[in-house]
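Q: Here it is, the structure, as structure tokens.
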Amino acid sequence: LWEILSEYQPRTVEAIQKQIVTHIEYTLARSRFTIDHHSAYMATAYSVRDRLLEYFNDTQQYFNEVFPKRVYYLSIEYLLGRTLANALTSLNISGVYRESLRELGFVLEDLYNQEQDAALGNGGLGRLAACYLDSAAALDLPLWGYGLRYNYGMFTQSIIEEKQSEFPDFWLSRGFPWEIERLDVVYAVNMYGFVRKATPAELEDGYKGKFVWEPDMEVLAVAYDLPIPGYKTNTTLNLRLWQSKPSHDFDLMSFNRGNYTAAIALRQECENITSVLYPDDSTPQGRELRLKQQYFFASASLQDIVRRYRKSGRSLLEFGQYNAIQINDTHPAVAIPELMRILLDEEGLPWGEAWAVCVQTFAYTNHTVLPEALETWPVPVMEKLLPRIMQIIFDINCTFLSCVRKRFPGDESRVERVSIIAEGHTQLVRMAHLGIVGSHAVNAVARLHGEIIQDRLFRDFYEMFPKRFTYVTNGVTPRRWLLECNPYLSHVITDTLGSEDWTKDIEQLCRLKDHATSRKLQQQWLMAKRLAKERLILFLKTTQLKDDPNPPTLDPNAMFVVHIKRIHEYKRQLMNILQVLLRYLRLKDYAELVTGTESIPHVVPRVIIFAGKAAPAYTRAKEIIQLIVSAARLINNDPVTRNSLVVFFVADYNVSKAEILIPAADISEHISTAGMEASGTSNMKFALNGANIIGTYDGANIEIAEEVGKEKLFMFGANAKEVEDVRAAYARGEAETIPTDLDRVISFIESGALLSKEERARGITGAGAYRAICDEMRSGTDYWLVAHDFQSYIKAQAQADRAFANPKAWTENSINLTGGMAHFSSDRSVKEYADRIWKVKPCPVPGQT
Ligand code: 26Q
């Protein structure tokens, strides 16, 4: 059999061409005489997939033989982006495929653009999960990801009349060639109904638990597997995504009989569960459907994991020695009571033993300190949907609280603070508390975040379980975020270091610093940046500016400043656009003095790019987008400034757009109010690509500054401690007077300068849609400290202008930034998780690489 297979796998250009054409003919059933770009992409993808599957099957078989301790990464989001380039790079076969396609009349890079992003995530948390899969595979770790196969991913953003509009992202519409449908891997997940005691007859019959859940609804979970290739290794891991579907048994249940339409409606309800990714990343709304998603996900994954383990014949008491489960934020935290349910009701373990297994198995990552982002579920909602799970959570809480009372006798206010159940008009289940109590490790995602969690957010828990708390600073995969997205710089780096080893052994990057002053490297470095900028300019011309009758000229020598991430008040895109408006007004002042020249002398021209999505219900974030878009319209149409300042809001930010934007940046903005951004990960991607950072002392910025030297970045603003003090002063009623520069910008907006033609025609005057923003800025107590940090931000921007005017020093600095980023590779992060939290070792799959 092996020989038959190895003959099937093409190694030469001719053989690859044959396979691609075969897929066009027999898989896509298209005529080989009318191949368009999309079919060429699909056929190429199927051909690459064939090769992936060989590694995939070998890997899974090897894991089953060796039976190492395994890790399961549970995340309700994976922001994967595109797969083709990534798979070709991992398998190290881009060259031969490029050649094969060239002879068939296609450019490989054109085919990349045929692929729709898989956007099964909101932002940082989902992209982190995707980076960690890439690193785990590259490091040969025996890890699987579990997730949901949403029919609609992250919404598509359009800007209509200067405002965000959302459209459904039906990413599967043209087919998704990378997945393997497993109609035979199916689990039933129960919902609704009631719990009763097991009858003596049932117990005699072999029922192992004490309680029986009589559900009112049964949903099936079907597995879809996505191979995750390891870079230059035989290991190919699995991302198993669940899709919901109705169960046939359920149709036949008595209460449906004779009511055909009701039965169909119920089937619909089942299918709905994995319909759509919830697009909020900060203020979760406690929707029942979201809880259904979470439980459906947790239950299917846990059933699958337990079944796999049981097949080995080992004792469930040793489950935690062979399985580590990481829960990515609290979204999958119901997995904890679900494992308890399986162990108690289905396997008949006593409570104490089941609980020990749970705590040994689970670990929980926290990604946020914003109180409004901590998940809670109303007890009545959970009780109705998951009666047995709710009962188990109450039991967990009861046991836990009696421990607390023993440790801190008489301290009832502490008991109330740490309880998994928040008391009140309606009781709430605090999912973070459940995560902490049910895990042996709780980790933050950067050092400052870890400190905040221990000292503030979860202080009471830290006092009880100091050893549980730790942090693992986030990282990003250098494959996607340098090697693939920036071929220009990658060539220069490989050339300078004399080998491509840095792509796998990231510490090699440090050696770049030895060459930072080399003239030759500096020139190559500048050229690489220029090529990335040209690529971005081309992208902007063919998208943004396609229908612009009078587009601004885009100069690759200008300073490219990029601010891309979810739109949120704490990320302070508002502070940036206000600063841009100030820059504009100052340019106008200056131009009045030096009339008659094409561009304004002694000014560093800037191209400023914003991108990001606002949660559909987040009004303020949407106002901020509108402000950016209208400011861009005003600025880009002003003949006086247009050679010195151009502003874009790039619509529909996603992973593949990030891959174009990040390599082209000279500077990136990471300016969150200190203490609010748990880590940030795009800061790492930018610096890895040699872009500088204008940033606050927040999240991973602090560690980046430490690693490269803070004098190399443009750091500014109040630190986390100062933010607390300022807010305390505000709370005492001590408002600040707003800085003159900010006052000037706000007055400008209030003068009606940003109103659109339509708004003017409708008779709107003054600040218009920006009334609330202006008022908040004028209050002198704005919660996100935009006014407080404004002056030091302007100073940091001015420093950046001065530094950019010296290309030699700038480039040297840029080389040192890339050279200092080894620590922020997700290979390092995942190694830390493996050593300190999961206690798993690599399990390299033998064979030829
Ligand atoms: C929860 C319940 C209901 C609906 C939605 C949600 C939900 C979904 C997504 C809540 C939060 C998120 C995403 C959070 C997120 O992306 N956090 C970011 O995680 C990154 C990786 O650790 C950090 O770098 C960022 O600092 C953090 O903001």
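Simple scheme: letters A, B, ... for chains in structure tokens order, numbers from 1 for residues in each chain, numbers from 1 for ligands in the order shown.
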Kindly work out which residues sit at most 7 Å from ligand 1, using only C-alpha atoms and all ligand atoms, and give the list as a PyMOL selection string.
A: chain A and resi 122-126+128+278-286+290+331+367-368+373+375+445+474+677-681+699
Q: For the structure I just gave you, how does DSSP split region 34-92 of chain A - specifically, which residues are helix (DSSP H, G or I)? Reply as a ChimeraX atom specification.
A: /A:37-66,84-91
Q: What would the file look like if the residues just selected were written as a CSV table (one decimal), in the first residue's frame with N, CA and C atoms?
A:
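Result written to selection_36.csv:
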```
chain,number,residue,atom,x,y,z
A,37,HIS,N,-9.1,31.3,-12.8
A,37,HIS,CA,-8.2,31.4,-11.7
A,37,HIS,C,-8.7,30.6,-10.5
A,38,HIS,N,-10.0,30.7,-10.3
A,38,HIS,CA,-10.6,30.0,-9.1
A,38,HIS,C,-10.4,28.5,-9.2
A,39,SER,N,-10.7,28.0,-10.3
A,39,SER,CA,-10.6,26.5,-10.4
A,39,SER,C,-9.1,26.1,-10.3
A,40,ALA,N,-8.2,26.9,-10.9
A,40,ALA,CA,-6.8,26.6,-10.7
A,40,ALA,C,-6.4,26.6,-9.3
A,41,TYR,N,-6.9,27.6,-8.5
A,41,TYR,CA,-6.7,27.6,-7.1
A,41,TYR,C,-7.2,26.4,-6.4
A,42,MET,N,-8.5,26.0,-6.7
A,42,MET,CA,-9.1,24.9,-6.0
A,42,MET,C,-8.3,23.6,-6.3
A,43,ALA,N,-7.9,23.4,-7.6
A,43,ALA,CA,-7.2,22.2,-8.0
A,43,ALA,C,-5.8,22.1,-7.3
A,44,THR,N,-5.2,23.3,-7.3
A,44,THR,CA,-3.9,23.4,-6.6
A,44,THR,C,-4.1,23.0,-5.1
A,45,ALA,N,-5.1,23.6,-4.5
A,45,ALA,CA,-5.4,23.3,-3.1
A,45,ALA,C,-5.6,21.8,-2.9
A,46,TYR,N,-6.4,21.2,-3.7
A,46,TYR,CA,-6.6,19.7,-3.6
A,46,TYR,C,-5.3,18.9,-3.7
A,47,SER,N,-4.5,19.4,-4.6
A,47,SER,CA,-3.2,18.7,-4.8
A,47,SER,C,-2.4,18.8,-3.6
A,48,VAL,N,-2.3,20.0,-3.0
A,48,VAL,CA,-1.5,20.2,-1.8
A,48,VAL,C,-2.1,19.5,-0.6
A,49,ARG,N,-3.4,19.4,-0.6
A,49,ARG,CA,-4.1,18.7,0.5
A,49,ARG,C,-3.8,17.2,0.4
A,50,ASP,N,-3.7,16.7,-0.8
A,50,ASP,CA,-3.3,15.3,-0.9
A,50,ASP,C,-2.0,15.0,-0.2
A,51,ARG,N,-1.1,15.9,-0.4
A,51,ARG,CA,0.2,15.7,0.2
A,51,ARG,C,0.1,15.9,1.8
A,52,LEU,N,-0.7,16.9,2.2
A,52,LEU,CA,-0.9,17.1,3.6
A,52,LEU,C,-1.4,15.9,4.3
A,53,LEU,N,-2.4,15.2,3.6
A,53,LEU,CA,-3.1,14.1,4.2
A,53,LEU,C,-2.1,12.9,4.5
A,54,GLU,N,-1.2,12.8,3.7
A,54,GLU,CA,-0.2,11.7,4.0
A,54,GLU,C,0.5,11.9,5.3
A,55,TYR,N,1.0,13.1,5.5
A,55,TYR,CA,1.6,13.5,6.8
A,55,TYR,C,0.6,13.4,7.9
A,56,PHE,N,-0.6,13.9,7.7
A,56,PHE,CA,-1.6,13.9,8.7
A,56,PHE,C,-1.9,12.5,9.2
A,57,ASN,N,-2.2,11.6,8.3
A,57,ASN,CA,-2.5,10.2,8.7
A,57,ASN,C,-1.3,9.6,9.4
A,58,ASP,N,-0.1,9.8,8.9
A,58,ASP,CA,1.0,9.2,9.6
A,58,ASP,C,1.2,9.7,11.0
A,59,THR,N,0.9,11.1,11.2
A,59,THR,CA,1.1,11.7,12.5
A,59,THR,C,0.1,11.1,13.5
A,60,GLN,N,-1.2,11.0,13.0
A,60,GLN,CA,-2.2,10.5,14.0
A,60,GLN,C,-2.0,9.1,14.3
A,61,GLN,N,-1.5,8.3,13.4
A,61,GLN,CA,-1.3,6.9,13.7
A,61,GLN,C,-0.1,6.8,14.6
A,62,TYR,N,0.9,7.6,14.4
A,62,TYR,CA,2.1,7.6,15.3
A,62,TYR,C,1.7,8.0,16.8
A,63,PHE,N,0.9,9.0,16.9
A,63,PHE,CA,0.4,9.4,18.2
A,63,PHE,C,-0.4,8.2,18.9
A,64,ASN,N,-1.2,7.5,18.1
A,64,ASN,CA,-1.9,6.4,18.7
A,64,ASN,C,-1.0,5.3,19.2
A,65,GLU,N,0.0,5.1,18.4
A,65,GLU,CA,1.0,4.0,18.8
A,65,GLU,C,1.8,4.4,20.1
A,66,VAL,N,2.3,5.6,20.0
A,66,VAL,CA,3.2,6.0,21.1
A,66,VAL,C,2.4,6.3,22.4
A,84,LEU,N,-3.3,28.3,1.6
A,84,LEU,CA,-2.4,27.7,0.5
A,84,LEU,C,-0.9,28.1,0.7
A,85,ALA,N,-0.6,29.4,0.9
A,85,ALA,CA,0.8,29.8,1.0
A,85,ALA,C,1.4,29.1,2.2
A,86,ASN,N,0.6,29.1,3.3
A,86,ASN,CA,1.1,28.5,4.5
A,86,ASN,C,1.4,27.0,4.4
A,87,ALA,N,0.6,26.3,3.7
A,87,ALA,CA,0.8,24.9,3.5
A,87,ALA,C,2.0,24.6,2.6
A,88,LEU,N,2.1,25.4,1.5
A,88,LEU,CA,3.3,25.2,0.6
A,88,LEU,C,4.6,25.6,1.4
A,89,THR,N,4.6,26.6,2.2
A,89,THR,CA,5.8,26.9,2.9
A,89,THR,C,6.1,25.8,3.9
A,90,SER,N,5.1,25.3,4.6
A,90,SER,CA,5.4,24.3,5.6
A,90,SER,C,6.0,23.1,5.0
A,91,LEU,N,5.5,22.7,3.8
A,91,LEU,CA,5.9,21.5,3.1
A,91,LEU,C,7.2,21.8,2.3
```
Q: With only C-alpha atoms counted and 9 Å as the cut-off, give the residues of region 102-176 of chain A in contact with region 476-495 of chain A, each with its shortest interatomic distance in Å and the pair that gives it, as CSV.
A:
```
residue,atom,partner,partner_atom,distance
A:Arg127,CA,A:Val476,CA,8.8
A:Leu128,CA,A:Val476,CA,7.1
A:Ala130,CA,A:Thr477,CA,8.9
A:Cys131,CA,A:Thr477,CA,5.3
A:Tyr132,CA,A:Thr477,CA,7.6
A:Asp134,CA,A:Thr477,CA,6.9
A:Ser135,CA,A:Thr477,CA,6.6
```
Q: Could you find all residues in region 265-444 of chain A that DSSP calls strand (DSSP E) from the backbone, and write them as an MDAnalysis selection string?
A: chainID A and resid 323:328 362:365 376:378 421:422 428:430 441:444
Q: What does the file look like for those residues with C-alpha atoms, as a compact mmCIF listing (two decimals), in the first residue's frame?
A:
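And here is the file that came out, out.txt:
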```
# COMPACT_ATOMS: atom_id res chain seq x y z
CA ASN A 323 -4.40 14.68 28.81
CA ALA A 324 -3.96 18.42 29.25
CA ILE A 325 -6.82 20.71 28.22
CA GLN A 326 -6.22 24.42 27.72
CA ILE A 327 -9.28 26.64 27.71
CA ASN A 328 -8.89 29.83 25.70
CA PHE A 362 -7.60 21.82 32.91
CA ALA A 363 -5.70 25.09 32.57
CA TYR A 364 -7.32 28.46 31.85
CA THR A 365 -5.98 31.47 29.97
CA THR A 376 -21.44 35.64 33.41
CA TRP A 377 -24.59 33.64 32.75
CA PRO A 378 -27.89 34.10 34.56
CA ILE A 421 -22.37 32.32 41.90
CA ALA A 422 -22.91 36.07 42.18
CA LEU A 428 -25.16 34.81 37.88
CA VAL A 429 -22.58 32.14 37.13
CA ARG A 430 -19.16 33.79 36.99
CA ALA A 441 -3.03 26.74 36.16
CA VAL A 442 -4.42 30.16 35.36
CA ASN A 443 -2.33 32.26 33.05
CA ALA A 444 -2.24 35.84 31.89
```
Q: Neighbouring residues of region 462-466 of chain A were defined as those with any atom within 10 Å, considering only C-alpha atoms; residues of the same chain fewer than 3 positions away were excluded. Please report them as a PyMOL selection string.
A: chain A and resi 403-404+407-408+436-437+440-442+453-459+469-470
Q: Please determine, counting only C-alpha atoms, which residue among A:Ile76, A:Ala665, A:Ala138, A:Leu277 has the shortest atom-to-atom distance to Asp169 (chain A).
A: A:Leu277
Q: When you count only C-alpha atoms, which of these residues is closest to Leu627 (chain A): A:Arg802, A:Arg778, A:Arg307, A:Arg771?
A: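 Closest to Leu627 (chain A) of all the choices is A:Arg771.
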Q: Give me, please, the distance in Å between CA of Arg572 (chain A) and CA of Trp784 (chain A), quoted to one decimal.
A: 7.6 Å
Q: Please determine, counting only C-alpha atoms, which residue among A:Tyr231, A:Phe67, A:Tyr152, A:Tyr590 has the shortest atom-to-atom distance to Asp505 (chain A).
A: A:Tyr231
Q: Could you pull the residues within 10 Å of Val96 (chain A), counting only C-alpha atoms, minus those fewer than 4 positions along the same chain, as a ChimeraX atom specification?
A: /A:11-14,16,88,92,100-102
Q: Return the single residue from A:Ile24, A:Met559, A:Leu386, A:Ala615 that is closest to Glu288 (chain A), with distances computed using only C-alpha atoms.
A: A:Leu386
Q: Taking 5 positions as the minimum chain separation for residues in the same chain, which residues sit within 12 Å of Phe824 (chain A) when counting only C-alpha atoms? Answer as a ChimeraX atom specification.
A: /A:131,445-446,472-478,481,506-507,509,679-688,700-701,703-705,707-708,817-819,829-832
Q: How would the residues just picked look written out with C-alpha atoms as a PDB file, in the first residue's frame?
A:
```
ATOM      1  CA  CYS A 131      -0.430  31.015  15.756  1.00  0.00           C
ATOM      2  CA  VAL A 445      -0.880  36.726  28.437  1.00  0.00           C
ATOM      3  CA  ALA A 446       1.834  39.270  29.345  1.00  0.00           C
ATOM      4  CA  VAL A 472       2.951  33.316  29.409  1.00  0.00           C
ATOM      5  CA  THR A 473       3.671  36.281  27.201  1.00  0.00           C
ATOM      6  CA  ASN A 474       1.953  35.895  23.839  1.00  0.00           C
ATOM      7  CA  GLY A 475       3.864  35.299  20.641  1.00  0.00           C
ATOM      8  CA  VAL A 476       3.272  35.229  16.887  1.00  0.00           C
ATOM      9  CA  THR A 477       4.388  32.720  14.307  1.00  0.00           C
ATOM     10  CA  PRO A 478       7.408  33.980  12.360  1.00  0.00           C
ATOM     11  CA  TRP A 481       4.148  36.934   9.987  1.00  0.00           C
ATOM     12  CA  ILE A 506      14.163  32.064  15.928  1.00  0.00           C
ATOM     13  CA  GLU A 507      17.083  32.884  18.266  1.00  0.00           C
ATOM     14  CA  LEU A 509      17.437  36.494  14.408  1.00  0.00           C
ATOM     15  CA  SER A 679      -1.036  41.862  25.677  1.00  0.00           C
ATOM     16  CA  GLY A 680      -1.545  42.882  22.067  1.00  0.00           C
ATOM     17  CA  THR A 681       0.057  40.738  19.391  1.00  0.00           C
ATOM     18  CA  SER A 682       0.188  42.953  16.294  1.00  0.00           C
ATOM     19  CA  ASN A 683       2.824  45.034  18.095  1.00  0.00           C
ATOM     20  CA  MET A 684       5.025  41.912  17.805  1.00  0.00           C
ATOM     21  CA  LYS A 685       4.187  41.412  14.123  1.00  0.00           C
ATOM     22  CA  PHE A 686       5.100  44.995  13.262  1.00  0.00           C
ATOM     23  CA  ALA A 687       8.398  45.038  15.129  1.00  0.00           C
ATOM     24  CA  LEU A 688       9.261  41.641  13.620  1.00  0.00           C
ATOM     25  CA  ALA A 700       3.436  43.316  25.786  1.00  0.00           C
ATOM     26  CA  ASN A 701       4.694  46.777  24.689  1.00  0.00           C
ATOM     27  CA  GLU A 703       8.335  43.609  27.355  1.00  0.00           C
ATOM     28  CA  ILE A 704       9.110  44.565  23.756  1.00  0.00           C
ATOM     29  CA  ALA A 705      10.625  47.824  25.010  1.00  0.00           C
ATOM     30  CA  GLU A 707      13.882  43.433  24.931  1.00  0.00           C
ATOM     31  CA  VAL A 708      14.973  46.010  22.339  1.00  0.00           C
ATOM     32  CA  LEU A 817      13.979  45.816  16.192  1.00  0.00           C
ATOM     33  CA  THR A 818      13.648  42.731  14.004  1.00  0.00           C
ATOM     34  CA  GLY A 819      16.800  41.369  15.600  1.00  0.00           C
ATOM     35  CA  SER A 829       5.283  30.861  24.034  1.00  0.00           C
ATOM     36  CA  VAL A 830       4.147  27.354  23.154  1.00  0.00           C
ATOM     37  CA  LYS A 831       7.348  25.860  24.577  1.00  0.00           C
ATOM     38  CA  GLU A 832       6.574  27.656  27.840  1.00  0.00           C
TER      39      GLU A 832
END
```
